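Text of upload14.csv, listed as CSV, C-alpha atoms:
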chain,number,residue,atom,x,y,z
A,1,MET,CA,41.9,11.8,29.2
A,2,ARG,CA,38.1,11.6,29.6
A,3,ASP,CA,36.2,9.9,26.8
A,4,PHE,CA,34.4,12.4,24.6
A,5,LEU,CA,31.5,9.9,24.1
A,6,SER,CA,28.6,8.9,26.4
A,7,SER,CA,28.3,5.3,27.5
A,8,LEU,CA,25.7,4.8,24.7
A,9,GLY,CA,28.0,6.5,22.2
A,10,ARG,CA,30.9,4.3,23.3
A,11,ASP,CA,28.8,1.1,23.0
A,12,TRP,CA,27.9,2.0,19.4
A,13,ALA,CA,31.3,3.4,18.4
A,14,ASP,CA,33.1,0.2,19.6
A,15,ALA,CA,30.6,-2.3,18.3
A,16,GLU,CA,31.9,-4.9,15.9
A,17,PRO,CA,29.9,-6.0,12.9
A,18,ASN,CA,28.0,-9.2,13.5
A,19,PRO,CA,29.9,-12.3,12.3
A,20,LEU,CA,27.6,-12.9,9.3
A,21,THR,CA,28.0,-9.4,8.0
A,22,ALA,CA,31.8,-9.7,8.3
A,23,LEU,CA,31.8,-13.1,6.6
A,24,LYS,CA,29.6,-11.7,3.7
A,25,ARG,CA,32.0,-8.8,3.2
A,26,ARG,CA,35.0,-11.2,3.1
A,27,LEU,CA,33.3,-13.5,0.6
A,28,GLU,CA,32.3,-10.7,-1.7
A,29,ALA,CA,35.8,-9.2,-1.5
A,30,GLN,CA,37.1,-12.6,-2.7
A,31,GLY,CA,34.7,-12.5,-5.7
A,32,HIS,CA,32.1,-15.1,-4.4
A,33,ASP,CA,28.5,-14.8,-5.6
A,34,VAL,CA,26.4,-14.2,-2.5
A,35,ILE,CA,22.6,-14.2,-2.6
A,36,ASP,CA,21.4,-11.7,0.0
A,37,LEU,CA,17.9,-12.8,1.1
A,38,VAL,CA,17.7,-10.4,4.0
A,39,GLY,CA,18.0,-7.1,2.2
A,40,ALA,CA,14.6,-5.3,2.3
A,41,ASN,CA,15.2,-2.5,-0.1
A,42,PRO,CA,12.5,-3.1,-2.8
A,43,HIS,CA,14.3,-0.9,-5.3
A,44,GLU,CA,17.1,-3.4,-5.6
A,45,HIS,CA,14.6,-6.0,-6.7
A,46,GLY,CA,12.4,-4.2,-9.3
A,47,LEU,CA,9.7,-3.1,-6.9
A,48,VAL,CA,9.4,0.6,-7.6
A,49,PHE,CA,6.8,3.3,-7.8
A,50,PRO,CA,6.2,3.9,-11.6
A,51,ALA,CA,8.9,6.3,-12.6
A,52,ASP,CA,6.9,8.4,-15.1
A,53,ARG,CA,4.0,8.9,-12.7
A,54,LEU,CA,6.4,9.8,-9.9
A,55,ALA,CA,8.2,12.4,-12.1
A,56,GLU,CA,4.8,13.9,-13.0
A,57,ILE,CA,3.7,14.1,-9.4
A,58,ALA,CA,7.0,15.7,-8.4
A,59,ALA,CA,6.8,18.3,-11.2
A,60,LEU,CA,3.3,19.3,-10.3
A,61,ALA,CA,4.2,19.6,-6.6
A,62,LEU,CA,7.4,21.5,-7.0
A,63,PRO,CA,5.9,25.0,-7.5
A,64,GLN,CA,4.0,24.6,-4.2
A,65,THR,CA,7.4,24.7,-2.4
A,66,ALA,CA,8.6,28.0,-3.9
A,67,VAL,CA,7.5,29.9,-0.7
A,68,TYR,CA,8.3,28.3,2.6
A,69,ARG,CA,5.4,28.3,5.0
A,70,PRO,CA,6.0,25.3,7.3
A,71,HIS,CA,3.4,23.9,9.6
A,72,PRO,CA,4.7,21.8,12.5
A,73,LEU,CA,2.0,19.1,12.0
A,74,GLY,CA,2.6,19.1,8.2
A,75,GLN,CA,0.9,20.9,5.4
A,76,ALA,CA,-2.9,20.8,5.6
A,77,ALA,CA,-3.4,19.2,2.1
A,78,ALA,CA,-1.0,16.4,3.1
A,79,ARG,CA,-2.8,15.7,6.4
A,80,GLU,CA,-6.2,15.8,4.7
A,81,ALA,CA,-4.8,13.2,2.2
A,82,VAL,CA,-3.8,11.0,5.1
A,83,SER,CA,-7.3,11.5,6.7
A,84,ALA,CA,-8.9,10.5,3.4
A,85,TRP,CA,-6.7,7.4,3.2
A,86,TYR,CA,-8.1,6.2,6.5
A,87,PHE,CA,-11.6,7.2,5.5
A,88,ARG,CA,-11.4,4.9,2.5
A,89,ARG,CA,-10.6,2.1,5.0
A,90,GLY,CA,-13.5,2.8,7.2
A,91,VAL,CA,-11.6,4.7,9.9
A,92,ALA,CA,-12.4,8.3,11.0
A,93,ILE,CA,-9.2,10.3,11.6
A,94,SER,CA,-9.4,14.1,11.6
A,95,PRO,CA,-6.7,15.9,9.8
A,96,GLU,CA,-6.1,17.8,13.0
A,97,CYS,CA,-5.0,14.5,14.6
A,98,VAL,CA,-2.4,13.7,11.9
A,99,MET,CA,1.2,14.7,12.1
A,100,LEU,CA,3.7,14.1,9.3
A,101,THR,CA,7.0,12.5,10.2
A,102,PRO,CA,10.2,11.6,8.2
A,103,GLY,CA,9.4,7.9,8.5
A,104,THR,CA,8.3,5.6,11.3
A,105,SER,CA,11.5,5.3,13.4
A,106,LEU,CA,11.5,9.0,14.4
A,107,ALA,CA,7.8,8.7,15.0
A,108,TYR,CA,8.5,6.1,17.7
A,109,TRP,CA,11.1,8.4,19.3
A,110,TYR,CA,8.6,11.3,19.3
A,111,LEU,CA,6.0,9.2,21.0
A,112,PHE,CA,8.3,7.7,23.5
A,113,ARG,CA,9.5,11.1,24.6
A,114,VAL,CA,6.0,12.6,24.8
A,115,LEU,CA,4.3,9.6,26.6
A,116,LEU,CA,7.1,8.4,28.9
A,117,GLU,CA,9.3,9.8,31.6
A,118,ALA,CA,12.9,8.8,31.8
A,119,GLY,CA,13.0,5.2,33.1
A,120,ASP,CA,9.4,4.5,32.3
A,121,GLU,CA,8.5,1.3,30.4
A,122,VAL,CA,6.9,0.6,27.0
A,123,LEU,CA,5.7,-2.9,26.2
A,124,VAL,CA,7.1,-4.2,22.9
A,125,PRO,CA,6.5,-7.5,21.2
A,126,HIS,CA,8.7,-10.5,21.6
A,127,PRO,CA,9.8,-11.9,19.1
A,128,GLY,CA,10.1,-8.7,17.2
A,129,TYR,CA,12.2,-6.4,15.1
A,130,PRO,CA,15.4,-5.3,16.9
A,131,LEU,CA,14.8,-1.6,16.2
A,132,PHE,CA,13.1,-1.0,19.6
A,133,GLY,CA,16.2,-1.4,21.8
A,134,ASP,CA,18.0,1.4,20.1
A,135,ILE,CA,15.1,3.8,20.0
A,136,CYS,CA,14.3,3.1,23.7
A,137,ALA,CA,18.0,3.8,24.5
A,138,LEU,CA,17.9,7.1,22.6
A,139,ALA,CA,14.7,8.1,24.3
A,140,GLY,CA,15.9,7.1,27.8
A,141,VAL,CA,13.1,4.7,28.4
A,142,ARG,CA,12.9,1.0,29.0
A,143,GLY,CA,11.5,-1.6,26.6
A,144,ARG,CA,9.8,-4.4,28.4
A,145,PHE,CA,8.7,-7.5,26.4
A,146,TYR,CA,5.3,-9.0,26.1
A,147,HIS,CA,5.2,-12.3,24.3
A,148,LEU,CA,3.7,-13.9,21.2
A,149,ARG,CA,3.3,-17.7,21.3
A,150,ALA,CA,3.4,-20.3,18.6
A,151,VAL,CA,-0.2,-21.5,17.9
A,152,ASP,CA,-1.3,-23.9,15.1
A,153,GLY,CA,1.6,-23.0,12.8
A,154,GLY,CA,1.4,-19.2,13.4
A,155,TRP,CA,2.0,-16.9,16.3
A,156,ARG,CA,-0.6,-15.1,18.5
A,157,PRO,CA,-0.3,-12.5,21.3
A,158,ASP,CA,-0.4,-13.9,24.9
A,159,PHE,CA,-2.7,-11.5,26.8
A,160,GLU,CA,-2.2,-13.1,30.1
A,161,ASP,CA,1.5,-12.5,29.7
A,162,LEU,CA,0.9,-9.0,28.4
A,163,ALA,CA,-1.2,-8.1,31.5
A,164,PHE,CA,1.4,-9.6,33.8
A,165,GLN,CA,4.1,-7.4,32.2
A,166,VAL,CA,2.3,-4.2,33.1
A,167,THR,CA,4.0,-2.4,36.1
A,168,ARG,CA,3.5,0.9,37.7
A,169,ARG,CA,6.1,2.3,35.3
A,170,THR,CA,4.4,1.1,32.1
A,171,ARG,CA,2.9,3.9,30.0
A,172,ALA,CA,2.4,2.4,26.5
A,173,VAL,CA,2.1,-0.8,24.4
A,174,VAL,CA,3.5,-1.2,20.9
A,175,VAL,CA,1.6,-3.5,18.5
A,176,VAL,CA,3.1,-4.3,15.1
A,177,SER,CA,0.3,-5.6,12.9
A,178,PRO,CA,1.1,-7.1,10.5
A,179,HIS,CA,4.0,-8.2,12.7
A,180,ASN,CA,7.6,-8.0,11.6
A,181,PRO,CA,8.9,-10.7,11.0
A,182,LEU,CA,6.2,-13.2,12.0
A,183,GLY,CA,3.4,-11.8,9.9
A,184,THR,CA,0.8,-12.0,12.7
A,185,VAL,CA,-2.3,-9.8,12.2
A,186,PHE,CA,-4.2,-8.8,15.3
A,187,ARG,CA,-7.8,-10.0,15.2
A,188,GLU,CA,-10.9,-8.1,16.4
A,189,ASP,CA,-11.2,-10.1,19.6
A,190,GLU,CA,-7.5,-9.5,20.2
A,191,TRP,CA,-7.8,-5.7,19.8
A,192,ASP,CA,-10.8,-6.0,22.3
A,193,ALA,CA,-8.6,-7.8,24.8
A,194,LEU,CA,-5.8,-5.3,24.4
A,195,ARG,CA,-8.2,-2.4,24.8
A,196,GLU,CA,-9.4,-3.7,28.1
A,197,ILE,CA,-5.8,-3.9,29.4
A,198,CYS,CA,-5.1,-0.4,28.2
A,199,GLU,CA,-8.2,1.0,29.8
A,200,GLN,CA,-7.4,-0.7,33.1
A,201,GLY,CA,-3.8,0.5,33.1
A,202,SER,CA,-4.2,3.9,31.4
A,203,LEU,CA,-1.8,2.8,28.7
A,204,ALA,CA,-1.5,4.4,25.3
A,205,LEU,CA,-1.5,2.2,22.2
A,206,ILE,CA,1.2,2.6,19.5
A,207,HIS,CA,0.1,0.7,16.4
A,208,ASP,CA,2.7,0.2,13.7
A,209,GLU,CA,0.8,-0.7,10.5
A,210,VAL,CA,3.5,-0.1,7.9
A,211,PHE,CA,2.8,-3.5,6.3
A,212,SER,CA,-1.0,-3.0,6.4
A,213,GLU,CA,-1.3,-3.1,2.6
A,214,PHE,CA,0.6,-6.4,2.3
A,215,LEU,CA,-1.7,-9.2,3.5
A,216,VAL,CA,-1.3,-12.8,2.3
A,217,ASP,CA,-4.9,-12.8,1.0
A,218,ASP,CA,-7.8,-10.3,0.4
A,219,ARG,CA,-9.0,-10.3,4.0
A,220,VAL,CA,-10.1,-7.0,5.6
A,221,LEU,CA,-7.4,-5.8,8.0
A,222,PRO,CA,-8.9,-5.3,11.5
A,223,ARG,CA,-7.9,-2.0,13.1
A,224,PRO,CA,-8.0,-0.8,16.7
A,225,ARG,CA,-11.0,1.3,17.7
A,226,GLU,CA,-12.0,3.3,20.8
A,227,PHE,CA,-8.8,3.1,22.8
A,228,PRO,CA,-8.3,5.8,25.4
A,229,LEU,CA,-5.4,7.0,23.4
A,230,SER,CA,-3.9,5.4,20.3
A,231,PHE,CA,-1.4,6.3,17.6
A,232,SER,CA,-1.2,4.6,14.2
A,233,LEU,CA,2.2,4.8,12.4
A,234,ASN,CA,2.4,4.4,8.6
A,235,GLY,CA,3.9,6.1,5.5
A,236,ALA,CA,5.0,5.9,1.9
A,237,SER,CA,8.1,3.8,2.5
A,238,LYS,CA,6.5,0.4,2.4
A,239,MET,CA,3.0,0.9,0.9
A,240,LEU,CA,4.3,2.9,-2.1
A,241,SER,CA,7.9,1.6,-2.2
A,242,LEU,CA,9.3,5.1,-1.7
A,243,PRO,CA,11.7,4.7,1.3
A,244,GLY,CA,13.9,7.6,0.1
A,245,LEU,CA,11.0,10.1,0.2
A,246,LYS,CA,11.0,10.0,4.0
A,247,LEU,CA,7.2,10.6,4.3
A,248,GLY,CA,5.4,9.0,7.2
A,249,TRP,CA,2.8,10.0,9.7
A,250,ILE,CA,1.3,9.6,13.2
A,251,ALA,CA,-2.5,9.4,13.3
A,252,ALA,CA,-3.9,9.9,16.8
A,253,SER,CA,-7.4,8.9,18.1
A,254,GLY,CA,-9.2,8.5,21.4
A,255,ALA,CA,-10.5,10.8,24.1
A,256,HIS,CA,-7.0,12.2,24.9
A,257,ALA,CA,-5.8,12.6,21.3
A,258,GLN,CA,-6.1,16.4,21.1
A,259,ARG,CA,-4.0,17.0,24.1
A,260,ALA,CA,-1.4,14.6,22.9
A,261,MET,CA,-1.3,16.3,19.5
A,262,ARG,CA,-0.5,19.6,21.1
A,263,ALA,CA,2.6,18.0,22.7
A,264,LEU,CA,3.6,16.3,19.4
A,265,GLU,CA,3.2,19.6,17.6
A,266,HIS,CA,5.7,21.2,19.9
A,267,VAL,CA,8.2,18.3,19.3
A,268,SER,CA,7.8,18.6,15.6
A,269,ASP,CA,8.1,22.4,15.6
A,270,THR,CA,11.5,22.0,17.2
A,271,PHE,CA,12.8,20.1,14.2
A,272,LEU,CA,10.4,20.7,11.2
A,273,PRO,CA,12.0,17.6,9.7
A,274,VAL,CA,9.7,16.7,6.8
A,275,GLY,CA,10.7,18.0,3.4
A,276,GLU,CA,8.1,20.4,1.7
A,277,LEU,CA,8.3,18.6,-1.6
A,278,ALA,CA,7.4,15.3,0.0
A,279,GLN,CA,4.5,16.9,1.7
A,280,ALA,CA,3.3,18.6,-1.5
A,281,MET,CA,3.4,15.2,-3.3
A,282,ALA,CA,1.5,13.4,-0.6
A,283,PRO,CA,-2.1,14.0,-1.9
A,284,ALA,CA,-1.3,12.6,-5.3
A,285,LEU,CA,0.8,9.8,-4.0
A,286,LEU,CA,-1.8,8.6,-1.5
A,287,ALA,CA,-4.5,8.6,-4.3
A,288,GLU,CA,-2.5,6.0,-6.3
A,289,ALA,CA,-4.4,3.0,-5.1
A,290,SER,CA,-3.0,0.8,-7.9
A,291,VAL,CA,0.6,1.0,-6.6
A,292,PRO,CA,-0.1,-0.7,-3.2
A,293,SER,CA,-2.2,-3.3,-4.9
A,294,MET,CA,0.6,-4.0,-7.4
A,295,LEU,CA,3.2,-4.3,-4.6
A,296,ALA,CA,0.9,-6.5,-2.5
A,297,GLU,CA,0.4,-9.0,-5.3
A,298,ALA,CA,4.1,-9.0,-6.1
A,299,TYR,CA,4.9,-9.8,-2.4
A,300,ARG,CA,2.2,-12.5,-2.4
A,301,ALA,CA,3.7,-14.1,-5.5
A,302,ARG,CA,7.2,-14.0,-4.1
A,303,ARG,CA,6.1,-15.5,-0.8
A,304,ARG,CA,4.5,-18.4,-2.7
A,305,VAL,CA,7.7,-18.9,-4.7
A,306,ALA,CA,9.9,-18.9,-1.6
A,307,SER,CA,7.5,-21.2,0.3
A,308,LYS,CA,7.3,-23.7,-2.5
A,309,ALA,CA,11.1,-23.8,-3.1
A,310,LEU,CA,12.0,-24.0,0.6
A,311,ARG,CA,12.3,-27.4,2.3
A,312,PHE,CA,11.8,-26.3,5.9
A,313,PRO,CA,8.6,-25.8,8.0
A,314,VAL,CA,7.5,-22.2,7.6
A,315,VAL,CA,5.6,-20.0,10.0
A,316,GLU,CA,2.1,-19.3,8.7
A,317,ALA,CA,2.2,-15.5,8.1
A,318,GLU,CA,-0.9,-13.4,7.5
A,319,GLY,CA,0.9,-10.3,6.2
A,320,GLY,CA,4.2,-8.5,5.8
A,321,VAL,CA,7.2,-9.3,3.7
A,322,TYR,CA,9.2,-11.7,5.9
A,323,LEU,CA,9.4,-15.4,6.0
A,324,CYS,CA,10.4,-17.4,9.1
A,325,ALA,CA,11.4,-21.0,8.8
A,326,GLN,CA,12.2,-23.6,11.5
A,327,VAL,CA,15.6,-25.2,11.6
A,328,SER,CA,16.5,-28.2,13.9
A,329,GLN,CA,20.2,-27.5,14.2
A,330,ASP,CA,21.9,-24.6,15.9
A,331,GLU,CA,20.7,-21.6,14.0
A,332,ASP,CA,24.0,-19.7,14.1
A,333,ALA,CA,25.8,-22.7,12.7
A,334,PHE,CA,23.1,-23.1,10.0
A,335,CYS,CA,23.3,-19.5,8.9
A,336,GLU,CA,27.1,-19.5,8.9
A,337,GLU,CA,27.2,-22.7,6.8
A,338,ALA,CA,24.5,-21.4,4.5
A,339,LEU,CA,26.6,-18.3,3.8
A,340,GLN,CA,30.1,-20.0,3.8
A,341,THR,CA,29.3,-23.1,1.7
A,342,ARG,CA,26.0,-22.2,-0.1
A,343,GLY,CA,26.5,-18.5,-0.7
A,344,VAL,CA,23.1,-17.5,0.8
A,345,LEU,CA,22.7,-14.8,3.5
A,346,VAL,CA,19.8,-15.4,5.9
A,347,HIS,CA,19.4,-14.2,9.5
A,348,PRO,CA,19.4,-16.5,12.6
A,349,GLY,CA,16.1,-16.2,14.4
A,350,HIS,CA,17.7,-14.9,17.5
A,351,PHE,CA,18.3,-11.5,15.7
A,352,TYR,CA,14.5,-11.2,16.3
A,353,ASP,CA,14.4,-13.1,19.5
A,354,LEU,CA,13.0,-16.0,17.5
A,355,ALA,CA,15.0,-19.1,18.6
A,356,GLY,CA,15.0,-22.2,16.4
A,357,HIS,CA,14.4,-20.3,13.1
A,358,PHE,CA,16.1,-18.5,10.3
A,359,VAL,CA,14.5,-15.4,8.8
A,360,PHE,CA,14.6,-13.7,5.4
A,361,THR,CA,12.5,-11.4,3.3
A,362,CYS,CA,10.2,-12.0,0.3
A,363,VAL,CA,11.5,-8.9,-1.4
A,364,ALA,CA,14.0,-10.5,-3.8
A,365,ALA,CA,12.9,-11.3,-7.4
A,366,PRO,CA,11.4,-14.7,-7.9
A,367,PRO,CA,14.5,-16.2,-9.7
A,368,THR,CA,16.7,-15.0,-6.9
A,369,LEU,CA,14.3,-16.4,-4.3
A,370,THR,CA,14.1,-19.8,-6.1
A,371,LYS,CA,17.9,-20.0,-6.5
A,372,GLY,CA,18.6,-19.0,-2.9
A,373,CYS,CA,16.0,-21.4,-1.4
A,374,ALA,CA,17.3,-24.2,-3.6
A,375,ARG,CA,20.8,-23.6,-2.3
A,376,LEU,CA,19.5,-23.8,1.3
Can I see the file as structure tokens?
Amino acid sequence: MRDFLSSLGRDWADAEPNPLTALKRRLEAQGHDVIDLVGANPHEHGLVFPADRLAEIAALALPQTAVYRPHPLGQAAAREAVSAWYFRRGVAISPECVMLTPGTSLAYWYLFRVLLEAGDEVLVPHPGYPLFGDICALAGVRGRFYHLRAVDGGWRPDFEDLAFQVTRRTRAVVVVSPHNPLGTVFREDEWDALREICEQGSLALIHDEVFSEFLVDDRVLPRPREFPLSFSLNGASKMLSLPGLKLGWIAASGAHAQRAMRALEHVSDTFLPVGELAQAMAPALLAEASVPSMLAEAYRARRRVASKALRFPVVEAEGGVYLCAQVSQDEDAFCEEALQTRGVLVHPGHFYDLAGHFVFTCVAAPPTLTKGCARL
């Protein structure tokens, strides 16, 4: 009998859990205490939007949803709130160039489908978060790596390599800044170098800035300007610690932004995926400047705790919530031993195409981070 699933469906249906996940499940089933340092759900570690204020905002927003009048780009008040959020950061984004999305992952899929033909290429960072492979597969496009290189304890984009990776099928470049998991933040001169490449190759920029509120110090975050076509992706999940709200956005800019927005509007109108309550809450939520500041300081403090407790060389991050540490032995063997004999779950660097490292988050509470790093 013919298989009911596609080749992609078969690959995912038949995939086995990675060995570390399987080992963690066995240890927990046997009653062992496992410290999970890779979980990134802030709610499991006390990092939450203030409950009373959240309930107040929801109660005030609920009457606005009594009559359903959807807009494919999102309700005007919510898009105006996103525009105002950028204005406070010195960036001019018209509400007409904002589209609400149910998070960042689907925003990538929207953009890949609108910008690329089947088989076209999008440049994605290497090392990087493993999300892109699955989204490219779903969109029917090809992810092609450009590389970041180790420089003076941190990692910087290699623009000679990036320019070399551009082919006749390349249509867009993804930049994650602050980078996940390395914490690299693009600098002004690096945005300038990338803009020149994009102009020469007629490439769109997709800028993932979901960790933009979480820098390791009080520096001003450089942002891309004057690209022919660029899209910034962000939302409430990270900056407000509201991952369950499913409220994100795409903000477009550049000479070709209006035309791209018409295409994105059609895609969004096909699904109308963003809940009306989340949209109605957006203006009040995005005005809560104290919450991102509180979260940023918490992540800075937790990063300091982990860095102090850890006895391994650490990549110098400029932002984000991940910590990457160098290990001299085989990274798979190290992570398996850490879990089996020390009861600590960390990821081998090759999960992120980062050989010779192990990776974990700074989301866990300070006592958990201290205990876990001490065990390592």
Can you tell me which residues surround Gly349 of chain A at a distance of at most 9 Å, considering all atoms listed in the file, apart from same-chain residues fewer than 6 positions away, and format the answer as a list in words? Pro127, Cys324, Ala325, Gln326, Glu331, Asp332, Ala355, Gly356, His357, Phe358 and Val359 of chain A
Would you put the residues from that selection into a file with C-alpha atoms, as a JSON list (two decimals), in the frame of the given file?
[["chain", "number", "residue", "atom", "x", "y", "z"],
["A", 127, "PRO", "CA", 9.80, -11.90, 19.10],
["A", 324, "CYS", "CA", 10.40, -17.40, 9.10],
["A", 325, "ALA", "CA", 11.40, -21.00, 8.80],
["A", 326, "GLN", "CA", 12.20, -23.60, 11.50],
["A", 331, "GLU", "CA", 20.70, -21.60, 14.00],
["A", 332, "ASP", "CA", 24.00, -19.70, 14.10],
["A", 355, "ALA", "CA", 15.00, -19.10, 18.60],
["A", 356, "GLY", "CA", 15.00, -22.20, 16.40],
["A", 357, "HIS", "CA", 14.40, -20.30, 13.10],
["A", 358, "PHE", "CA", 16.10, -18.50, 10.30],
["A", 359, "VAL", "CA", 14.50, -15.40, 8.80]]
Do you know which residues are at most 6 Å from segment 202-206 of chain A counting all atoms listed in the file, after dropping those on the same chain fewer than 2 positions away, and could you put them as a PyMOL selection string? chain A and resi 171-174+198-200+229-231
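Nearest residue to Pro178 of chain A, choosing from A:Pro17, A:Gly320, A:Gly140, A:Arg304 and counting all atoms listed in the file: A:Gly320.
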List as a PyMOL selection string the protein and nucleic acid residues near Leu182 of chain A, meaning an atom at most 10 Å away when all atoms listed in the file are counted, but skip any in the same chain fewer than 4 places from it. chain A and resi 127-129+148+154-156+176-178+315-325+352+354+359
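Closest approach to Ser290 of chain A from the set A:His71, A:His207, A:Glu213, A:Arg142 is made by A:Glu213, with distances taken over all atoms listed in the file.
Taking atom CA of Trp191 of chain A and atom CA of Gly153 of chain A as the two end points, the separation is 20.9 Å.
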Rank nothing, just name the residue among A:Ala309, A:Phe214, A:Thr104, A:Val314 nearest to Asn234 of chain A, using only C-alpha atoms. A:Thr104
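If you look at atom CA of Pro125 of chain A and atom CA of Ala257 of chain A, they are 23.6 Å away from each other.
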List the neighbours of Pro50 of chain A out to 12 Å using only C-alpha atoms; skip same-chain residues closer than 4 positions along the sequence, and give me the result as a PyMOL selection string. chain A and resi 43+46+54-57+240-242+285+288+290-292+294-295
